[in-house]
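First comes the structure, then the notes that go with it.
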Amino acid sequence: ETSKHYESHLKWGFEFFNSTEGVNQQCIKAQHPTETWKCMFAQHTAPFITVPMFVMNSRFDSYQTSAILGSNDPLLINQFGTNFTQLIKSQVLINPHNAAFIDSCHHHCGAWSTLVLDDTTISVAFYQWYLLKNTQTLWLQDDTYPCSSCCPCPCAQNGGCISCCEC
């Protein structure tokens, strides 16, 4: 229900503000006329982007699990993460020039130098992909939610536990 509520609000905003000209026009042309609003979402517009893209995201993005999924149920969140990972593979990584760094931590944004996958931080992965033309296109932490052992405790940056996790 939360997902439909979120979607309907964004669709309304797209139509109310006449946003058609502000999104990828190839995506607009590929959509049914009543579904052009979908082009404001990454999974619909990514296949039409021709410049190389480096995606950094959590499989369990805390904003998405709250605002879109609307659940704290680990089973639903894990399914959400599986679906997200499949979308990245099928919509973004179909372009061989794109890459993605996808972690399993429950966060939204940040962690540029703190998350490590395959002994590599996001910043180093980006550097290797962009400047060194590394052929690796996917850094994936494929752990289940919740994953307290695979993610750095955010409290460490704030001087210790503040009851947000089990340090």
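Chain labels run A, B, ... following the order of the structure tokens; each chain numbers its residues from 1, and ligands are numbered from 1 in the order shown.
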_What parts of chain A does DSSP call alpha helix (DSSP H)? I'd like the answer as an NGL selection string._
:A and (2-16 or 25-30 or 42-45 or 62-63 or 74-87 or 122-130)
From stretch 73-115 of chain A, collect each residue whose DSSP state is strand (DSSP E) and return the set as a CSV table (one decimal) with C-alpha atoms, in the first residue's frame.
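Heads up, here's the output in result20.csv:
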chain,number,residue,atom,x,y,z
A,99,ALA,CA,29.3,-0.3,-13.2
A,100,ALA,CA,27.7,-0.6,-9.7
A,101,PHE,CA,28.8,-0.8,-6.1
A,102,ILE,CA,25.9,-2.4,-4.2
A,103,ASP,CA,26.1,-3.0,-0.5
*Quick one: residues within 9 Å of stretch 61-63 of chain A, only C-alpha atoms counted, chain neighbours fewer than 5 positions away excluded, as a PyMOL selection string?*
chain A and resi 68+81+104-109
Would you output that residue set with N, CA, C and O atoms, as a compact mmCIF listing (two decimals), in the first residue's frame?
# COMPACT_ATOMS: atom_id res chain seq x y z
N ILE A 68 9.00 3.58 0.33
CA ILE A 68 8.43 2.83 -0.79
C ILE A 68 7.86 1.49 -0.33
O ILE A 68 6.70 1.18 -0.57
N GLY A 81 15.48 -6.27 -1.69
CA GLY A 81 16.90 -6.23 -2.06
C GLY A 81 17.22 -7.11 -3.25
O GLY A 81 18.01 -6.73 -4.12
N SER A 104 24.98 -4.22 1.28
CA SER A 104 23.84 -4.80 1.99
C SER A 104 23.56 -4.11 3.32
O SER A 104 22.88 -4.66 4.18
N CYS A 105 24.07 -2.92 3.51
CA CYS A 105 23.85 -2.18 4.74
C CYS A 105 22.53 -1.41 4.65
O CYS A 105 22.11 -1.03 3.58
N HIS A 106 21.91 -1.20 5.79
CA HIS A 106 20.64 -0.47 5.83
C HIS A 106 20.95 1.00 6.06
O HIS A 106 21.03 1.47 7.19
N HIS A 107 21.16 1.73 4.97
CA HIS A 107 21.50 3.16 5.05
C HIS A 107 21.01 3.84 3.79
O HIS A 107 20.59 3.19 2.84
N HIS A 108 21.08 5.16 3.79
CA HIS A 108 20.73 5.95 2.61
C HIS A 108 21.84 6.96 2.41
O HIS A 108 22.06 7.83 3.24
N CYS A 109 22.55 6.86 1.31
CA CYS A 109 23.64 7.77 0.94
C CYS A 109 24.90 7.56 1.79
O CYS A 109 24.89 6.88 2.79
*Skip A:Trp112 itself and residues of its chain fewer than 6 positions away, then list as a list in words all residues within 10 Å of it, counting only C-alpha atoms.*
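My list of contacting residues is Met56, Thr121, Ile122, Ser123, Val124 and Phe126 of chain A.
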_Report as a PyMOL selection string all protein, DNA and RNA residues lying within 9 Å of A:Thr144, evaluated on only C-alpha atoms, omitting residues in the same chain fewer than 2 positions from it._
chain A and resi 74+77-78+81+104+142+146-147
Any chance you could export the current selection's all heavy atoms as a PDB file, in the first residue's frame?
ATOM      1  N   PRO A  74      11.904  -8.396   7.758  1.00  0.00           N
ATOM      2  CA  PRO A  74      13.107  -8.859   7.064  1.00  0.00           C
ATOM      3  C   PRO A  74      12.819  -9.665   5.790  1.00  0.00           C
ATOM      4  O   PRO A  74      13.561  -9.560   4.818  1.00  0.00           O
ATOM      5  CB  PRO A  74      13.826  -9.715   8.108  1.00  0.00           C
ATOM      6  CG  PRO A  74      13.370  -9.159   9.407  1.00  0.00           C
ATOM      7  CD  PRO A  74      11.939  -8.754   9.180  1.00  0.00           C
ATOM      8  N   ILE A  77      11.951  -7.086   3.146  1.00  0.00           N
ATOM      9  CA  ILE A  77      13.133  -6.280   2.834  1.00  0.00           C
ATOM     10  C   ILE A  77      14.144  -7.082   2.024  1.00  0.00           C
ATOM     11  O   ILE A  77      14.739  -6.570   1.076  1.00  0.00           O
ATOM     12  CB  ILE A  77      13.753  -5.695   4.123  1.00  0.00           C
ATOM     13  CG1 ILE A  77      12.790  -4.644   4.714  1.00  0.00           C
ATOM     14  CG2 ILE A  77      15.127  -5.085   3.855  1.00  0.00           C
ATOM     15  CD1 ILE A  77      13.214  -4.083   6.055  1.00  0.00           C
ATOM     16  N   ASN A  78      14.325  -8.367   2.347  1.00  0.00           N
ATOM     17  CA  ASN A  78      15.238  -9.206   1.568  1.00  0.00           C
ATOM     18  C   ASN A  78      14.732  -9.403   0.142  1.00  0.00           C
ATOM     19  O   ASN A  78      15.528  -9.375  -0.803  1.00  0.00           O
ATOM     20  CB  ASN A  78      15.483 -10.545   2.266  1.00  0.00           C
ATOM     21  CG  ASN A  78      16.516 -10.417   3.355  1.00  0.00           C
ATOM     22  OD1 ASN A  78      17.658 -10.081   3.089  1.00  0.00           O
ATOM     23  ND2 ASN A  78      16.119 -10.643   4.586  1.00  0.00           N
ATOM     24  N   GLY A  81      15.483  -6.269  -1.687  1.00  0.00           N
ATOM     25  CA  GLY A  81      16.902  -6.232  -2.056  1.00  0.00           C
ATOM     26  C   GLY A  81      17.217  -7.113  -3.251  1.00  0.00           C
ATOM     27  O   GLY A  81      18.008  -6.730  -4.125  1.00  0.00           O
ATOM     28  N   SER A 104      24.984  -4.222   1.281  1.00  0.00           N
ATOM     29  CA  SER A 104      23.837  -4.797   1.994  1.00  0.00           C
ATOM     30  C   SER A 104      23.563  -4.109   3.325  1.00  0.00           C
ATOM     31  O   SER A 104      22.876  -4.661   4.179  1.00  0.00           O
ATOM     32  CB  SER A 104      24.075  -6.298   2.232  1.00  0.00           C
ATOM     33  OG  SER A 104      24.069  -6.996   1.019  1.00  0.00           O
ATOM     34  N   ASP A 142      26.306  -9.386  -1.204  1.00  0.00           N
ATOM     35  CA  ASP A 142      25.044 -10.110  -1.345  1.00  0.00           C
ATOM     36  C   ASP A 142      24.643 -10.788  -0.035  1.00  0.00           C
ATOM     37  O   ASP A 142      24.352 -11.970  -0.002  1.00  0.00           O
ATOM     38  CB  ASP A 142      25.178 -11.138  -2.470  1.00  0.00           C
ATOM     39  CG  ASP A 142      23.842 -11.606  -3.001  1.00  0.00           C
ATOM     40  OD1 ASP A 142      22.829 -10.944  -2.730  1.00  0.00           O
ATOM     41  OD2 ASP A 142      23.815 -12.645  -3.682  1.00  0.00           O
ATOM     42  N   PRO A 146      18.733  -8.427   8.362  1.00  0.00           N
ATOM     43  CA  PRO A 146      19.707  -7.381   8.709  1.00  0.00           C
ATOM     44  C   PRO A 146      21.120  -7.936   8.727  1.00  0.00           C
ATOM     45  O   PRO A 146      21.331  -9.107   9.011  1.00  0.00           O
ATOM     46  CB  PRO A 146      19.266  -6.947  10.099  1.00  0.00           C
ATOM     47  CG  PRO A 146      18.622  -8.162  10.692  1.00  0.00           C
ATOM     48  CD  PRO A 146      18.000  -8.905   9.530  1.00  0.00           C
ATOM     49  N   CYS A 147      22.067  -7.100   8.424  1.00  0.00           N
ATOM     50  CA  CYS A 147      23.459  -7.523   8.321  1.00  0.00           C
ATOM     51  C   CYS A 147      24.335  -6.618   9.185  1.00  0.00           C
ATOM     52  O   CYS A 147      24.952  -5.692   8.686  1.00  0.00           O
ATOM     53  CB  CYS A 147      23.908  -7.469   6.869  1.00  0.00           C
ATOM     54  SG  CYS A 147      25.594  -8.027   6.636  1.00  0.00           S
TER      55      CYS A 147
END
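Using only C-alpha atoms, the shortest contact distance between A:Arg59 and any of A:Trp139, A:Ser149, A:Gly22, A:Pro96 is found at A:Trp139.
Minimum atom-to-atom distances from A:Lys89, A:Ser113, A:His5, A:Ile28 to A:Gly70 were compared using only C-alpha atoms, and the lowest value belongs to A:His5.
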_I'd like to know which of A:Gln79, A:Thr85, A:Phe54, A:Tyr145 is closest to A:Tyr130, using only C-alpha atoms._
A:Phe54
*Nearest candidate to A:Pro47 (options A:Asn24, A:Asn98, A:Ser66, A:Gln91; using only C-alpha atoms)*: A:Gln91
